[in-house]
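Next up, entry.txt (compact mmCIF, C-alpha atoms and all ligand atoms):
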```
# COMPACT_ATOMS: atom_id res chain seq x y z
CA MET A 176 69.45 138.07 258.09
CA LEU A 177 67.03 138.58 255.21
CA GLU A 178 66.61 134.85 254.58
CA THR A 179 65.38 134.33 258.15
CA ALA A 180 61.78 133.11 258.17
CA ALA A 181 59.18 135.79 258.80
CA ARG A 182 57.99 134.23 262.05
CA ASP A 183 61.54 134.50 263.42
CA ARG A 184 61.57 138.22 262.68
CA ILE A 185 58.48 139.20 264.71
CA MET A 186 59.06 140.13 268.34
CA VAL A 187 55.82 140.08 270.30
CA ALA A 188 55.82 142.76 273.01
CA LEU A 189 54.11 141.51 276.17
CA ASP A 190 53.29 144.77 277.95
CA CYS A 191 50.77 143.26 280.33
CA ASP A 192 50.56 141.52 283.68
CA ARG A 193 52.04 138.12 284.44
CA ASP A 194 48.88 136.06 283.99
CA ARG A 195 48.10 137.53 280.60
CA ALA A 196 51.75 137.23 279.57
CA PHE A 197 51.74 133.50 280.28
CA GLU A 198 48.37 133.11 278.57
CA LEU A 199 49.78 134.79 275.46
CA ALA A 200 52.99 132.76 275.62
CA ASP A 201 50.96 129.53 275.73
CA LEU A 202 48.84 130.68 272.78
CA LEU A 203 51.83 131.75 270.70
CA ALA A 204 53.99 128.70 271.42
CA GLY A 205 54.75 126.96 268.14
CA HIS A 206 54.03 130.18 266.22
CA ALA A 207 56.24 132.97 267.56
CA THR A 208 59.98 132.65 268.14
CA TRP A 209 60.54 135.92 270.05
CA LEU A 210 58.82 137.50 273.04
CA LYS A 211 59.74 140.99 274.21
CA VAL A 212 59.83 141.66 277.95
CA GLY A 213 59.88 145.36 278.83
CA MET A 214 60.22 147.26 282.07
CA THR A 215 56.57 146.81 283.06
CA LEU A 216 56.75 143.04 283.22
CA PHE A 217 60.40 142.78 284.29
CA TYR A 218 60.14 145.15 287.25
CA ALA A 219 57.12 143.22 288.48
CA GLU A 220 58.40 139.71 287.91
CA GLY A 221 62.19 139.91 287.71
CA PRO A 222 64.57 137.54 285.92
CA ALA A 223 62.27 134.58 286.60
CA ILE A 224 59.95 135.73 283.81
CA VAL A 225 62.82 135.58 281.31
CA ARG A 226 63.74 132.10 282.43
CA ALA A 227 60.10 130.98 282.29
CA PHE A 228 59.76 132.05 278.65
CA LYS A 229 63.09 130.48 277.78
CA ASP A 230 61.92 127.23 279.36
CA ARG A 231 58.88 127.38 277.05
CA GLY A 232 61.22 127.53 274.06
CA PHE A 233 61.06 131.24 273.21
CA LYS A 234 63.87 133.65 272.51
CA VAL A 235 63.62 136.66 274.80
CA PHE A 236 64.26 140.27 273.88
CA LEU A 237 64.79 141.97 277.25
CA ASP A 238 64.12 145.64 276.56
CA LEU A 239 65.35 147.45 279.68
CA LYS A 240 67.15 150.29 277.85
CA LEU A 241 70.19 150.37 280.12
CA HIS A 242 71.65 153.83 280.83
CA ASP A 243 73.98 154.28 283.81
CA ILE A 244 77.69 154.49 284.59
CA PRO A 245 79.74 151.91 282.67
CA HIS A 246 80.41 149.75 285.74
CA GLN A 247 76.71 149.41 286.47
CA VAL A 248 75.79 148.79 282.83
CA ARG A 249 78.43 146.08 282.52
CA GLY A 250 76.91 144.32 285.51
CA ALA A 251 73.35 144.81 284.31
CA ALA A 252 74.14 143.49 280.84
CA ARG A 253 75.87 140.49 282.36
CA SER A 254 72.93 139.81 284.69
CA ALA A 255 70.41 140.18 281.86
CA ALA A 256 72.38 137.75 279.74
CA LEU A 257 72.68 135.24 282.57
CA ALA A 258 68.93 135.55 283.18
CA GLY A 259 68.51 134.12 279.69
CA ALA A 260 67.98 137.19 277.49
CA ASP A 261 68.95 136.66 273.85
CA LEU A 262 68.86 140.36 273.04
CA ILE A 263 69.09 143.45 275.26
CA THR A 264 68.86 147.20 274.73
CA VAL A 265 71.11 150.01 275.88
CA HIS A 266 70.84 153.80 275.36
CA GLY A 267 73.24 155.23 272.79
CA LEU A 268 73.24 158.44 274.84
CA GLY A 269 75.43 156.69 277.42
CA ALA A 270 78.36 157.14 274.97
CA SER A 271 81.27 154.89 274.00
CA LYS A 272 82.50 153.72 277.37
CA MET A 273 79.03 152.75 278.54
CA LEU A 274 78.23 151.04 275.23
CA ALA A 275 81.49 149.10 275.34
CA ALA A 276 80.71 148.14 278.93
CA ALA A 277 77.37 146.67 277.81
CA ARG A 278 79.17 144.62 275.19
CA GLY A 279 81.74 143.62 277.82
CA GLY A 280 79.01 142.50 280.21
CA VAL A 281 77.42 140.14 277.70
CA GLU A 282 80.83 138.80 276.78
CA GLU A 283 81.49 137.98 280.43
CA ALA A 284 78.18 136.13 280.52
CA ALA A 285 78.99 134.42 277.23
CA ALA A 286 82.00 132.78 278.82
CA GLU A 287 79.55 131.00 281.17
CA LEU A 288 76.69 130.53 278.74
CA GLY A 289 78.57 129.36 275.68
CA PHE A 290 76.83 131.89 273.43
CA ARG A 291 76.82 135.67 273.30
CA PRO A 292 73.48 137.46 273.54
CA GLN A 293 73.21 140.48 271.26
CA VAL A 294 73.00 144.13 272.25
CA ILE A 295 71.21 146.86 270.35
CA ALA A 296 71.17 150.59 271.00
CA VAL A 297 68.29 152.98 271.31
CA THR A 298 69.33 156.18 269.55
CA VAL A 299 66.66 158.90 269.89
CA LEU A 300 63.48 157.60 271.50
CA THR A 301 60.70 157.65 268.92
CA SER A 302 58.60 159.53 271.47
CA MET A 303 61.04 162.46 271.27
CA ASP A 304 60.81 165.19 268.64
CA GLN A 305 63.00 168.19 267.84
CA ALA A 306 61.38 170.23 270.63
CA ALA A 307 62.29 167.53 273.15
CA LEU A 308 65.90 167.50 271.90
CA ASP A 309 65.96 171.30 272.22
CA GLU A 310 64.81 170.97 275.84
CA ILE A 311 67.87 168.89 276.69
CA GLY A 312 70.26 171.05 274.67
CA VAL A 313 70.70 168.84 271.61
CA GLU A 314 70.72 171.19 268.65
CA ARG A 315 71.31 168.93 265.68
CA PRO A 316 68.34 167.50 263.78
CA VAL A 317 66.78 164.29 265.13
CA ALA A 318 67.96 162.23 262.15
CA ASP A 319 71.55 163.44 262.52
CA GLU A 320 71.51 162.76 266.24
CA ALA A 321 70.15 159.24 265.66
CA ALA A 322 72.78 158.53 262.97
CA ALA A 323 75.61 159.83 265.14
CA LEU A 324 74.53 157.66 268.09
CA ALA A 325 74.15 154.63 265.83
CA SER A 326 77.70 155.07 264.51
CA LEU A 327 79.00 155.44 268.04
CA ALA A 328 77.23 152.24 269.04
CA ARG A 329 78.63 150.33 266.09
CA GLU A 330 82.16 151.47 266.92
CA ALA A 331 81.65 150.27 270.50
CA GLY A 332 80.77 146.77 269.29
CA ILE A 333 76.98 147.03 269.55
CA ASP A 334 75.07 144.71 267.20
CA GLY A 335 72.49 147.14 265.85
CA VAL A 336 69.77 149.60 266.72
CA VAL A 337 66.14 149.90 267.61
CA CYS A 338 64.52 152.63 265.53
CA SER A 339 61.28 153.72 263.92
CA PRO A 340 60.44 152.14 260.55
CA GLN A 341 60.95 155.60 259.02
CA GLU A 342 64.60 155.51 260.10
CA ALA A 343 65.20 151.87 259.14
CA ALA A 344 66.45 152.47 255.60
CA GLY A 345 68.97 155.05 256.75
CA MET A 346 70.15 152.83 259.60
CA ARG A 347 70.51 149.82 257.27
CA ALA A 348 72.60 151.92 254.86
CA LEU A 349 74.72 153.26 257.71
CA LEU A 350 75.27 150.01 259.61
CA GLY A 351 75.50 147.48 256.76
CA PRO A 352 73.75 144.21 255.97
CA GLU A 353 74.64 142.29 259.14
CA ALA A 354 73.36 144.81 261.70
CA LEU A 355 70.17 144.21 263.65
CA VAL A 356 67.63 146.89 262.78
CA VAL A 357 64.64 146.38 265.06
CA THR A 358 61.56 148.51 264.51
CA PRO A 359 58.56 149.04 266.80
CA GLY A 360 55.70 151.25 265.65
CA VAL A 361 54.46 148.54 263.29
CA ARG A 362 50.78 148.32 262.47
CA PRO A 363 49.17 145.94 259.98
CA ALA A 364 46.96 147.86 257.53
CA GLY A 365 43.62 148.60 259.15
CA SER A 366 44.68 148.11 262.79
CA ALA A 367 44.54 150.81 265.48
CA ALA A 368 47.66 152.95 265.85
CA GLY A 369 47.08 153.40 269.61
CA ASP A 370 49.67 155.83 270.96
CA GLN A 371 52.15 155.18 268.14
CA SER A 372 52.37 158.11 265.76
CA ARG A 373 54.88 157.29 263.00
CA VAL A 374 53.70 153.82 262.02
CA ALA A 375 54.43 151.50 259.11
CA THR A 376 52.99 148.18 258.01
CA PRO A 377 55.05 145.00 258.50
CA ALA A 378 55.75 144.89 254.74
CA GLN A 379 56.92 148.50 254.71
CA ALA A 380 59.20 147.92 257.71
CA VAL A 381 60.79 144.89 256.03
CA ALA A 382 61.16 146.71 252.72
CA ALA A 383 62.90 149.56 254.55
CA GLY A 384 65.51 147.15 255.89
CA ALA A 385 64.23 146.07 259.30
CA SER A 386 65.72 142.75 260.40
CA HIS A 387 63.00 142.37 263.05
CA ILE A 388 59.75 144.09 263.89
CA VAL A 389 58.29 144.60 267.36
CA VAL A 390 54.53 144.22 267.52
CA GLY A 391 52.55 144.51 270.72
CA ARG A 392 48.88 145.38 270.87
CA PRO A 393 47.93 144.42 267.28
CA ILE A 394 48.73 140.86 268.40
CA THR A 395 48.17 140.88 272.16
CA GLU A 396 44.81 142.65 272.00
CA ALA A 397 43.52 140.83 268.92
CA GLN A 398 40.55 138.52 269.29
CA SER A 399 42.88 135.74 268.12
CA PRO A 400 46.50 136.62 268.86
CA VAL A 401 47.61 133.58 266.83
CA ASP A 402 45.63 134.64 263.74
CA ALA A 403 46.98 138.18 264.07
CA PHE A 404 50.53 136.86 264.39
CA GLU A 405 50.16 134.54 261.41
CA ALA A 406 48.65 137.30 259.26
CA ILE A 407 51.65 139.51 259.97
CA ALA A 408 54.07 136.67 259.23
CA ALA A 409 52.29 135.99 255.93
CA GLU A 410 52.43 139.68 254.98
CA MET A 411 56.17 139.77 255.73
CA GLN A 412 56.77 136.58 253.77
CA ARG A 413 55.06 138.09 250.72
CA ALA A 414 57.16 141.25 251.10
O1 LIG B 501 51.73 147.73 271.33
P1 LIG B 501 52.82 148.25 270.44
O2 LIG B 501 52.94 147.48 269.15
O3 LIG B 501 52.74 149.73 270.24
O4 LIG B 501 54.15 147.95 271.27
C1 LIG B 501 55.40 148.42 270.82
C2 LIG B 501 56.47 148.00 271.79
O5 LIG B 501 57.71 148.54 271.36
C3 LIG B 501 56.28 148.49 273.21
O6 LIG B 501 56.77 147.46 274.06
C4 LIG B 501 57.14 149.71 273.32
O7 LIG B 501 57.65 149.91 274.60
C5 LIG B 501 58.27 149.36 272.36
N1 LIG B 501 58.99 150.48 271.81
C6 LIG B 501 58.37 151.48 271.06
N2 LIG B 501 59.10 152.52 270.56
C7 LIG B 501 60.41 152.56 270.79
C8 LIG B 501 61.05 151.56 271.50
C9 LIG B 501 60.30 150.52 272.01
O8 LIG B 501 57.16 151.43 270.85
N3 LIG B 501 61.12 153.55 270.28
```
Taking this structure as input, can you express it in the form of structure tokens?
Amino acid sequence: MLETAARDRIMVALDCDRDRAFELADLLAGHATWLKVGMTLFYAEGPAIVRAFKDRGFKVFLDLKLHDIPHQVRGAARSAALAGADLITVHGLGASKMLAAARGGVEEAAAELGFRPQVIAVTVLTSMDQAALDEIGVERPVADEAAALASLAREAGIDGVVCSPQEAAGMRALLGPEALVVTPGVRPAGSAAGDQSRVATPAQAVAAGASHIVVGRPITEAQSPVDAFEAIAAEMQRA
């Protein structure tokens, strides 16, 4: 994983409307490898948006954070994979059977596709703090909860986790060198944090063990998204 070129390790989050998403995709073609489609774009545009980006040569990270009964999650994971997603997310809180069902769903799709998309687990949402865990009756510390859910996910055949850069080193140590450790909350030095609170620079995220970083607004809202993307890739390469 670590020898992968920097540009292949940046996932550009397109949290915008369709027209802007296509504009950004056209700009970033030939630069970025990965685009991230989240709920905002997917619920508006459906699987066609995944296919459209695939047809333009991108890999697609479909971040729908599946969390339902195992039967439904199996079907959703299969559908997401057949839509063309290369990577999908599932909530660790769904527990072993649901996590295994997500893995099963992509395997079913793999039989048709000829390759198996990967699945990563969200442990504790980075927007949640100890008070939020208390509200839902989770008493153990956030870090312990995240580690426990990550271990559960690994045992269920999940390929890695999405976590904050602050958790990346711990997750890398826990999950080993092959796991995907995908970190949002990344901000190049000097750029606006927006609503992200626990941020790290691309170099810090990589040094902590992230296999991939998710970057949205520092690229999508930059005057030149391509220059912003290339600056981040260069910073990661140096790291
Ligand atoms: O614009 P920005 O770089 O903050 O975008 C980060 C992206 O990563 C968004 O699409 C957001 O939904 C996603 N994300 C996150 N924190 C998580 C999981 C996903 O910011 N814990």
message: Can you pull out the residues contacting stretch 293-297 of chain A? Cut-off 7 Å, using all atoms listed in the file, and skip same-chain residues under 4 positions away; I want them as a VMD selection string.
response: chain A and resid 261 to 267 278 328 333 to 338
task: Tell me which protein, DNA and RNA residues are within 9 Å of stretch 201-217 of chain A, counting only C-alpha atoms, leaving out same-chain ones fewer than 6 positions away, and put them as a PyMOL selection string.
output: chain A and resi 182-193+223-225+228+231-240+389+391+400-401+404-405
task: Please identify all polymer residues lying at most 9 Å from the point (72.5, 161.4, 273.9) (file coordinates), using only C-alpha atoms, and present the result as a ChimeraX atom specification.
output: /A:266-270,298-299,313,320-321,324
Resulting file, chosen residues, C-alpha atoms, as a short mmCIF file (atom, residue, chain, number, x, y, z; two decimals), keeping the file's coordinate frame:
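selection_6.cif, written as the output of this step:
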```cif
data_model
loop_
_atom_site.label_atom_id
_atom_site.label_comp_id
_atom_site.auth_asym_id
_atom_site.auth_seq_id
_atom_site.Cartn_x
_atom_site.Cartn_y
_atom_site.Cartn_z
CA HIS A 266 70.84 153.80 275.36
CA GLY A 267 73.24 155.23 272.79
CA LEU A 268 73.24 158.44 274.84
CA GLY A 269 75.43 156.69 277.42
CA ALA A 270 78.36 157.14 274.97
CA THR A 298 69.33 156.18 269.55
CA VAL A 299 66.66 158.90 269.89
CA VAL A 313 70.70 168.84 271.61
CA GLU A 320 71.51 162.76 266.24
CA ALA A 321 70.15 159.24 265.66
CA LEU A 324 74.53 157.66 268.09
#
```
message: My list of candidates is A:Arg392, A:Pro377, A:Gln398, A:Ala348. Which is closest to A:Gln412 when distances are computed with all atoms listed in the file?
response: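 When distances to A:Gln412 are compared using all atoms listed in the file, the smallest one comes from A:Pro377.
Residue nearest A:Val374 within the list A:Asp304, A:Glu314, A:Asp243, A:Glu342: A:Glu342 [criterion: smallest interatomic distance, all atoms listed in the file].
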- request: Considering only C-alpha atoms, return as a PyMOL selection string whatever protein or nucleic-acid residues lie within 6 Å of stretch 246-252 of chain A, sequence-local ones (same chain, fewer than 2 positions apart) excluded.
  value: chain A and resi 243-244+254-255+276-277+280-281
Starting from the sparse input, extend stretch 376-408 of chain A to N, CA and C atoms and give the output as a compact mmCIF listing (two decimals), in the coordinates of the input.
```txt
# COMPACT_ATOMS: atom_id res chain seq x y z
N THR A 376 53.49 149.55 258.03
CA THR A 376 52.99 148.18 258.01
C THR A 376 54.19 147.23 258.11
N PRO A 377 53.95 145.96 258.45
CA PRO A 377 55.05 145.00 258.50
C PRO A 377 55.81 144.95 257.16
N ALA A 378 55.09 144.95 256.05
CA ALA A 378 55.75 144.89 254.74
C ALA A 378 56.62 146.11 254.51
N GLN A 379 56.12 147.28 254.89
CA GLN A 379 56.92 148.50 254.71
C GLN A 379 58.18 148.46 255.57
N ALA A 380 58.04 147.98 256.80
CA ALA A 380 59.20 147.92 257.71
C ALA A 380 60.27 146.99 257.13
N VAL A 381 59.85 145.84 256.62
CA VAL A 381 60.79 144.89 256.03
C VAL A 381 61.44 145.48 254.79
N ALA A 382 60.63 146.12 253.94
CA ALA A 382 61.16 146.71 252.72
C ALA A 382 62.18 147.80 253.04
N ALA A 383 61.98 148.48 254.17
CA ALA A 383 62.90 149.56 254.55
C ALA A 383 64.21 149.02 255.12
N GLY A 384 64.26 147.71 255.40
CA GLY A 384 65.51 147.15 255.89
C GLY A 384 65.49 146.65 257.32
N ALA A 385 64.30 146.60 257.93
CA ALA A 385 64.23 146.07 259.30
C ALA A 385 64.59 144.59 259.29
N SER A 386 65.44 144.19 260.25
CA SER A 386 65.72 142.75 260.40
C SER A 386 64.62 142.10 261.22
N HIS A 387 64.07 142.86 262.17
CA HIS A 387 63.00 142.37 263.05
C HIS A 387 62.00 143.49 263.28
N ILE A 388 60.74 143.10 263.50
CA ILE A 388 59.75 144.09 263.89
C ILE A 388 59.21 143.74 265.28
N VAL A 389 58.90 144.79 266.04
CA VAL A 389 58.29 144.60 267.36
C VAL A 389 56.81 144.92 267.22
N VAL A 390 55.98 143.99 267.59
CA VAL A 390 54.53 144.22 267.52
C VAL A 390 53.92 143.84 268.86
N GLY A 391 53.21 144.78 269.44
CA GLY A 391 52.55 144.51 270.72
C GLY A 391 51.06 144.35 270.54
N ARG A 392 50.34 145.43 270.79
CA ARG A 392 48.88 145.38 270.87
C ARG A 392 48.16 144.81 269.65
N PRO A 393 48.65 145.04 268.41
CA PRO A 393 47.93 144.42 267.28
C PRO A 393 47.87 142.89 267.39
N ILE A 394 48.78 142.30 268.15
CA ILE A 394 48.73 140.86 268.40
C ILE A 394 48.10 140.57 269.76
N THR A 395 48.59 141.24 270.79
CA THR A 395 48.17 140.88 272.16
C THR A 395 46.73 141.25 272.46
N GLU A 396 46.20 142.25 271.76
CA GLU A 396 44.81 142.65 272.00
C GLU A 396 43.87 142.16 270.90
N ALA A 397 44.39 141.37 269.99
CA ALA A 397 43.52 140.83 268.92
C ALA A 397 42.61 139.75 269.50
N GLN A 398 41.46 139.57 268.84
CA GLN A 398 40.55 138.52 269.29
C GLN A 398 41.27 137.16 269.26
N SER A 399 42.02 136.94 268.18
CA SER A 399 42.88 135.74 268.12
C SER A 399 44.32 136.19 267.92
N PRO A 400 45.10 136.21 269.00
CA PRO A 400 46.50 136.62 268.86
C PRO A 400 47.25 135.74 267.84
N VAL A 401 46.92 134.47 267.77
CA VAL A 401 47.61 133.58 266.83
C VAL A 401 47.28 133.98 265.39
N ASP A 402 46.00 134.22 265.10
CA ASP A 402 45.63 134.64 263.74
C ASP A 402 46.31 135.95 263.38
N ALA A 403 46.34 136.88 264.33
CA ALA A 403 46.98 138.18 264.07
C ALA A 403 48.47 137.99 263.79
N PHE A 404 49.11 137.14 264.60
CA PHE A 404 50.53 136.86 264.39
C PHE A 404 50.76 136.24 263.01
N GLU A 405 49.96 135.24 262.68
CA GLU A 405 50.16 134.54 261.41
C GLU A 405 49.89 135.46 260.21
N ALA A 406 48.93 136.37 260.35
CA ALA A 406 48.65 137.30 259.26
C ALA A 406 49.84 138.23 259.02
N ILE A 407 50.47 138.65 260.10
CA ILE A 407 51.65 139.51 259.97
C ILE A 407 52.81 138.74 259.34
N ALA A 408 53.00 137.50 259.80
CA ALA A 408 54.07 136.67 259.23
C ALA A 408 53.85 136.46 257.74
```
